[in-house]
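Report on the structure given below.
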Amino acid sequence: MKNLKKVLSSAKILRWFILLGMAFVLPQAKAVNVIMQHNDLSRTGANTGETILTPANVATSFGRLFTNAVDGQVYAQPLYVQNLNIGGGVHNVMFVCTESNSVYAFDADAVGITYWHVKLGTPYSPTTCSDLTPVVGITGTPVIDLSRGTLYLDAKLSSGSQQLHALDITTGNEKFGGPVTVTTTGFNSSIQLQRPGLLLLSNVVYLCFGSHCDQGAYHGYILGYNATNLAPVYSWNTTPSGSEGAVWSGGMAPAVDTNGNIYVMTGNGTFDGTANFSMCMLKLSSSLTVEDYSAPTNWSSLSNGDQDFGSGGPVLIPPHYAIGIGKDTNLCLADINNMGHVGGFVQAFNAETKSGDTVGKSPVYWQGPSMQYLFLAHANNPTKSFQFTGSSVNTTPLGTATFTPSDRVGGLSLSANGATNGVLWEIGSDSNMRAYDAVHFPNVLWTGSIGTYVKMTCPTIANGKVYVGTANTIGVWGLTNFLYTQAGVSNLVLNWSAGKLLQTTNLMGPWVTNTTANSPYMVVPTNQQTFYRLSF
């Protein structure tokens, strides 16, 4: 297999043979779907089932495979479902949402194949807020319920109203009587912004809200809707007798612990610790009652200076902690069994040096081969790695990147095969993606342009490929010397980055000429071992 990869990487070679067989099938990834923001309910940002990409091959054989155009900015993280019965076959599918209120179901392995595309109404055009322009449509990352084959999302319309949609992932058709208009007592949809990823928990879809540019008489809201009939079931206002307190989290979805408790962080606004909960890390029940909270001792001065504590979202890390970072760059660790209220953090320290408006959905957490890692991306500061000891964070960074982003930082994700082969993926404000060796951070394995980035956008990594949304495309990267096969199906699908398939043969028969088939190519096995001849 190592020699095969070398062969395919050389454009000078005209023809070579490829051997596949029951004992020689190309490495398959584990069954990994990315159906929610940052991979899991703890929001670690780590796909630990990645068996194809490694630091070694990313450093030598990685690049862009193809790009599909879309009709608007992609702020929502792309989602991924493998082996989906769609389009008359079984395919890996990426789901992409845009600010123009479009939803696409693209083939995840081949360029230009769209299984369905729906437009969910004319998007909203903000008049005074320049934070997200020129239009606002689908911003929060959707969530997919595989058991019901349903994708849930919030779309903002030109009227200022917002709608919750439940789409069939195989057709794009509306389900459960959707869409429904999102509303609750005191909710002014025109000024509210649905930024965080959606949460699906115990048959309830949760949506979180802040506002456009802190403008208008807004509140932070979390609203829950029944996942099977889209009826409203829960509603919580962060500042019912005050104002503001956005749950925007830089796009992070709420985190959930093993007991079903929900965790969010809130921005500047009214705080009293009884009814109003701005500037907090909050623990909520699934019915949205406040169970506990932590808040910085200087919450008032931070709030008055628009230094949102909740500019990012909390990440749950073992055995019983939540960690998050705000605009002031203080990394805060809370014990979720006793959050301590004001000043109750287990640990808080200045992890970066310059404050800024945006957080790249960090921290990212990974249990590596010999220690636990945290990775931080913050505006105006280089990405850093830290060691988590199991009860505290070592305040001396393990490594600091050389690239320093602007105030509009990109986002982070990580891929690994369990506790090995960790690669940290960073989208930079310079519109470059960087792949770092997670253990030997900040060793850069690869860097390359993605197009025009949008802030706080995280890549999605699945089955050997990296999916990145930009201002007008969805790009796909992977190993350029690797023949990707579709896992879990009886007839393998070969994918390669260049060349055409000329001939095939099995061990018992002659070469059979094909019609110079392009990638992807369906393989119908006739023997335990089959040769394939490509022309480059």
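FYI, nothing fancy with the structure tokens labels: chains A, B, ... in order, residues from 1 per chain, ligands from 1 as they appear.
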
Test item: residues at most 12 Å from A:Gly428, only C-alpha atoms, excluding those fewer than 5 positions along its chain, as a VMD selection string: chain A and resid 360 377 to 383 401 to 412 433 to 435 447 to 459 468 470

List the spatial neighbours of A:Asn237 as JSON, numbers by chain - criterion: any atom at most 8 Å away, only C-alpha atoms, same-chain residues fewer than 6 positions off excluded. {"A": [219, 220, 221, 222]}

List every residue of stretch 174-371 of chain A that DSSP, applied to the backbone, labels as strand (DSSP E or B), and write the result as an MDAnalysis selection string. chainID A and resid 174 180:181 192:193 199:201 204:211 219 221:226 232:237 244 255:256 262:265 269 271 277 281:284 290:295 315:317 321:325 330:335 341:342 347:350 359 364:367

Neighbouring residues of A:Gly344 were defined as those with any atom within 10 Å, considering only C-alpha atoms; residues of the same chain fewer than 2 positions away were excluded. Please report them as number ranges by chain. A: 293-297, 332-335, 338-342, 346-348

Please identify all polymer residues within 10 Å of A:Gly418, counting only C-alpha atoms, omitting same-chain residues fewer than 6 positions from it, and present them as a VMD selection string. chain A and resid 46 to 51 366 to 369

Can those selected residues be exported to a file as a PDB file, in the first residue's frame so that it contains all heavy atoms?
```
ATOM      1  N   ALA A  46     -13.556  17.193  18.312  1.00  0.00           N
ATOM      2  CA  ALA A  46     -12.642  16.129  17.883  1.00  0.00           C
ATOM      3  C   ALA A  46     -13.406  14.962  17.270  1.00  0.00           C
ATOM      4  O   ALA A  46     -14.345  14.440  17.880  1.00  0.00           O
ATOM      5  CB  ALA A  46     -11.808  15.635  19.067  1.00  0.00           C
ATOM      6  N   ASN A  47     -13.009  14.565  16.069  1.00  0.00           N
ATOM      7  CA  ASN A  47     -13.448  13.305  15.479  1.00  0.00           C
ATOM      8  C   ASN A  47     -12.359  12.291  15.775  1.00  0.00           C
ATOM      9  O   ASN A  47     -11.295  12.301  15.146  1.00  0.00           O
ATOM     10  CB  ASN A  47     -13.646  13.448  13.975  1.00  0.00           C
ATOM     11  CG  ASN A  47     -13.885  12.100  13.294  1.00  0.00           C
ATOM     12  OD1 ASN A  47     -14.063  11.082  13.958  1.00  0.00           O
ATOM     13  ND2 ASN A  47     -13.877  12.094  11.975  1.00  0.00           N
ATOM     14  N   THR A  48     -12.614  11.409  16.743  1.00  0.00           N
ATOM     15  CA  THR A  48     -11.601  10.440  17.157  1.00  0.00           C
ATOM     16  C   THR A  48     -11.771   9.090  16.464  1.00  0.00           C
ATOM     17  O   THR A  48     -11.187   8.102  16.893  1.00  0.00           O
ATOM     18  CB  THR A  48     -11.625  10.244  18.686  1.00  0.00           C
ATOM     19  OG1 THR A  48     -12.947   9.834  19.079  1.00  0.00           O
ATOM     20  CG2 THR A  48     -11.273  11.533  19.396  1.00  0.00           C
ATOM     21  N   GLY A  49     -12.548   9.075  15.380  1.00  0.00           N
ATOM     22  CA  GLY A  49     -12.701   7.859  14.598  1.00  0.00           C
ATOM     23  C   GLY A  49     -12.099   7.992  13.215  1.00  0.00           C
ATOM     24  O   GLY A  49     -12.508   7.280  12.293  1.00  0.00           O
ATOM     25  N   GLU A  50     -11.121   8.869  13.047  1.00  0.00           N
ATOM     26  CA  GLU A  50     -10.494   9.101  11.742  1.00  0.00           C
ATOM     27  C   GLU A  50      -9.301   8.166  11.565  1.00  0.00           C
ATOM     28  O   GLU A  50      -8.271   8.323  12.220  1.00  0.00           O
ATOM     29  CB  GLU A  50     -10.048  10.559  11.620  1.00  0.00           C
ATOM     30  CG  GLU A  50      -9.299  10.884  10.348  1.00  0.00           C
ATOM     31  CD  GLU A  50     -10.056  10.459   9.100  1.00  0.00           C
ATOM     32  OE1 GLU A  50     -11.226  10.856   8.935  1.00  0.00           O
ATOM     33  OE2 GLU A  50      -9.468   9.709   8.303  1.00  0.00           O
ATOM     34  N   THR A  51      -9.458   7.186  10.660  1.00  0.00           N
ATOM     35  CA  THR A  51      -8.424   6.159  10.495  1.00  0.00           C
ATOM     36  C   THR A  51      -7.580   6.344   9.240  1.00  0.00           C
ATOM     37  O   THR A  51      -6.649   5.582   9.011  1.00  0.00           O
ATOM     38  CB  THR A  51      -9.080   4.768  10.439  1.00  0.00           C
ATOM     39  OG1 THR A  51      -9.998   4.728   9.333  1.00  0.00           O
ATOM     40  CG2 THR A  51      -9.832   4.459  11.724  1.00  0.00           C
ATOM     41  N   TRP A 366      -8.838  17.010  23.390  1.00  0.00           N
ATOM     42  CA  TRP A 366      -8.464  15.688  22.884  1.00  0.00           C
ATOM     43  C   TRP A 366      -7.644  14.946  23.920  1.00  0.00           C
ATOM     44  O   TRP A 366      -6.698  15.485  24.496  1.00  0.00           O
ATOM     45  CB  TRP A 366      -7.655  15.825  21.588  1.00  0.00           C
ATOM     46  CG  TRP A 366      -7.150  14.519  21.013  1.00  0.00           C
ATOM     47  CD1 TRP A 366      -7.881  13.401  20.766  1.00  0.00           C
ATOM     48  CD2 TRP A 366      -5.810  14.217  20.615  1.00  0.00           C
ATOM     49  NE1 TRP A 366      -7.074  12.414  20.228  1.00  0.00           N
ATOM     50  CE2 TRP A 366      -5.809  12.894  20.127  1.00  0.00           C
ATOM     51  CE3 TRP A 366      -4.622  14.951  20.613  1.00  0.00           C
ATOM     52  CZ2 TRP A 366      -4.646  12.289  19.653  1.00  0.00           C
ATOM     53  CZ3 TRP A 366      -3.471  14.337  20.142  1.00  0.00           C
ATOM     54  CH2 TRP A 366      -3.489  13.020  19.660  1.00  0.00           C
ATOM     55  N   GLN A 367      -8.003  13.681  24.161  1.00  0.00           N
ATOM     56  CA  GLN A 367      -7.190  12.772  24.962  1.00  0.00           C
ATOM     57  C   GLN A 367      -6.154  12.147  24.056  1.00  0.00           C
ATOM     58  O   GLN A 367      -6.459  11.270  23.248  1.00  0.00           O
ATOM     59  CB  GLN A 367      -8.056  11.696  25.607  1.00  0.00           C
ATOM     60  CG  GLN A 367      -7.271  10.571  26.281  1.00  0.00           C
ATOM     61  CD  GLN A 367      -6.415  11.050  27.434  1.00  0.00           C
ATOM     62  OE1 GLN A 367      -6.933  11.460  28.470  1.00  0.00           O
ATOM     63  NE2 GLN A 367      -5.090  10.999  27.279  1.00  0.00           N
ATOM     64  N   GLY A 368      -4.908  12.631  24.130  1.00  0.00           N
ATOM     65  CA  GLY A 368      -3.844  12.151  23.279  1.00  0.00           C
ATOM     66  C   GLY A 368      -3.160  10.922  23.834  1.00  0.00           C
ATOM     67  O   GLY A 368      -3.625  10.302  24.796  1.00  0.00           O
ATOM     68  N   PRO A 369      -2.020  10.546  23.249  1.00  0.00           N
ATOM     69  CA  PRO A 369      -1.358   9.298  23.641  1.00  0.00           C
ATOM     70  C   PRO A 369      -0.798   9.307  25.054  1.00  0.00           C
ATOM     71  O   PRO A 369      -0.712   8.249  25.679  1.00  0.00           O
ATOM     72  CB  PRO A 369      -0.235   9.154  22.604  1.00  0.00           C
ATOM     73  CG  PRO A 369      -0.017  10.535  22.080  1.00  0.00           C
ATOM     74  CD  PRO A 369      -1.341  11.207  22.116  1.00  0.00           C
TER      75      PRO A 369
END
```

8 Å contact set for stretch 116-121 of chain A, only C-alpha atoms, chain neighbours under 5 positions out, as an MDAnalysis selection string: chainID A and resid 100:106 155 157:158 170:172

Neighbours of stretch 248-251 of chain A within 9 Å (only C-alpha atoms; same-chain residues fewer than 3 positions away dropped), as a PyMOL selection string? chain A and resi 37+75-76+139-141+193-197+208-211+220+254+264-267+310-314+358-361+456-457

Could the residues in this selection be saved with C-alpha atoms as a CSV table (one decimal), in the first residue's frame?
```
chain,number,residue,atom,x,y,z
A,37,GLN,CA,-21.8,21.0,15.6
A,75,TYR,CA,-21.3,30.0,8.5
A,76,ALA,CA,-23.0,26.7,9.6
A,139,THR,CA,-26.4,30.7,10.5
A,140,GLY,CA,-26.5,28.2,13.3
A,141,THR,CA,-25.2,24.7,12.5
A,193,LEU,CA,-30.0,36.3,15.8
A,194,GLN,CA,-29.9,32.5,15.8
A,195,ARG,CA,-26.1,31.9,15.9
A,196,PRO,CA,-25.3,28.8,18.0
A,197,GLY,CA,-25.6,25.3,16.6
A,208,CYS,CA,-30.4,29.7,21.1
A,209,PHE,CA,-30.6,33.4,20.3
A,210,GLY,CA,-28.7,36.6,20.8
A,211,SER,CA,-29.1,39.7,18.6
A,220,GLY,CA,-30.9,35.8,25.2
A,254,PRO,CA,-25.0,23.9,23.9
A,264,VAL,CA,-24.3,27.5,27.7
A,265,MET,CA,-22.3,30.7,28.2
A,266,THR,CA,-24.0,34.2,28.0
A,267,GLY,CA,-22.8,37.6,26.9
A,310,GLY,CA,-20.0,34.1,26.4
A,311,SER,CA,-18.2,34.9,23.2
A,312,GLY,CA,-17.5,31.2,22.9
A,313,GLY,CA,-19.3,28.2,24.3
A,314,PRO,CA,-18.5,25.7,27.1
A,358,THR,CA,-14.3,36.5,18.3
A,359,VAL,CA,-13.4,33.1,19.6
A,360,GLY,CA,-12.9,30.2,17.1
A,361,LYS,CA,-15.3,27.9,18.8
A,456,MET,CA,-15.4,31.2,13.2
A,457,THR,CA,-16.0,28.6,10.6
```

Show me a table, sorted first by chain and then by increasing residue number, of the residues of stretch 27-51 of chain A having an atom at most 12 Å from stretch 84-94 of chain A, each with its shortest atom pair and the distance in Å to one decimal, counting only C-alpha atoms and written as JSON lines.
```
{"residue": "A:Ala31", "atom": "CA", "partner": "A:Asn92", "partner_atom": "CA", "distance": 11.2}
{"residue": "A:Val32", "atom": "CA", "partner": "A:Asn92", "partner_atom": "CA", "distance": 10.8}
{"residue": "A:Asn33", "atom": "CA", "partner": "A:Asn92", "partner_atom": "CA", "distance": 9.5}
{"residue": "A:Val34", "atom": "CA", "partner": "A:Met94", "partner_atom": "CA", "distance": 9.2}
{"residue": "A:Ile35", "atom": "CA", "partner": "A:Met94", "partner_atom": "CA", "distance": 9.9}
```

Selected residues written out with N, CA, C and O atoms, as a PDB file, in the first residue's frame:
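The resulting result12.pdb:
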```
ATOM      1  N   ALA A  31     -17.140   3.771  11.230  1.00  0.00           N
ATOM      2  CA  ALA A  31     -18.437   4.362  10.897  1.00  0.00           C
ATOM      3  C   ALA A  31     -18.582   5.690  11.627  1.00  0.00           C
ATOM      4  O   ALA A  31     -18.981   5.743  12.785  1.00  0.00           O
ATOM      5  N   VAL A  32     -18.214   6.758  10.953  1.00  0.00           N
ATOM      6  CA  VAL A  32     -18.234   8.081  11.571  1.00  0.00           C
ATOM      7  C   VAL A  32     -19.158   8.993  10.795  1.00  0.00           C
ATOM      8  O   VAL A  32     -18.969   9.219   9.599  1.00  0.00           O
ATOM      9  N   ASN A  33     -20.185   9.489  11.470  1.00  0.00           N
ATOM     10  CA  ASN A  33     -21.038  10.532  10.930  1.00  0.00           C
ATOM     11  C   ASN A  33     -20.797  11.799  11.732  1.00  0.00           C
ATOM     12  O   ASN A  33     -20.519  11.733  12.935  1.00  0.00           O
ATOM     13  N   VAL A  34     -20.888  12.938  11.081  1.00  0.00           N
ATOM     14  CA  VAL A  34     -20.824  14.221  11.784  1.00  0.00           C
ATOM     15  C   VAL A  34     -22.202  14.846  11.629  1.00  0.00           C
ATOM     16  O   VAL A  34     -22.526  15.424  10.596  1.00  0.00           O
ATOM     17  N   ILE A  35     -23.026  14.719  12.671  1.00  0.00           N
ATOM     18  CA  ILE A  35     -24.432  15.093  12.580  1.00  0.00           C
ATOM     19  C   ILE A  35     -24.787  16.248  13.510  1.00  0.00           C
ATOM     20  O   ILE A  35     -25.964  16.592  13.650  1.00  0.00           O
TER      21      ILE A  35
END
```

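For A:Leu53, the set of protein, DNA and RNA residues having any atom at most 9 Å away, when counting only C-alpha atoms and skipping those fewer than 3 positions along the same chain, is Glu50, Ala56, Asn57, Val58, Ser415, Ala416, Asn417, Asn421, Gly422, Val423, Asn463, Gly464, Lys465, Gly478 and Leu479 of chain A.
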
I need the residue nearest A:Asn68 from this list: A:Asp257, A:Glu99, A:Asp109, A:Glu426. Use only C-alpha atoms for the distance.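 Between A:Asp257, A:Glu99, A:Asp109, A:Glu426, the residue approaching A:Asn68 most closely is A:Asp109.
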
Among the residues A:Tyr484, A:Ala322, A:Val512, A:Ile427, the one that comes closest to A:Tyr467 [using only C-alpha atoms]: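 Of the candidates, the smallest distance to A:Tyr467 is held by A:Ile427.
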
When DSSP works through the backbone of this structure, what residues of stretch 7-232 of chain A end up as helix (DSSP H, G or I), shown as a VMD selection string? chain A and resid 7 to 8 55 to 61

For A:Ser286, the nearest of the candidates A:Gly305, A:Gly242, A:Gly224, A:Pro319, counting only C-alpha atoms: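 So, comparing all the options, the nearest one is A:Gly224.
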
How many Å lie between atom CA of A:Asn481 and atom CA of A:Ser61, rounded to one decimal?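 Atom CA of A:Ser61 lies at a distance of 6.3 Å from atom CA of A:Asn481.
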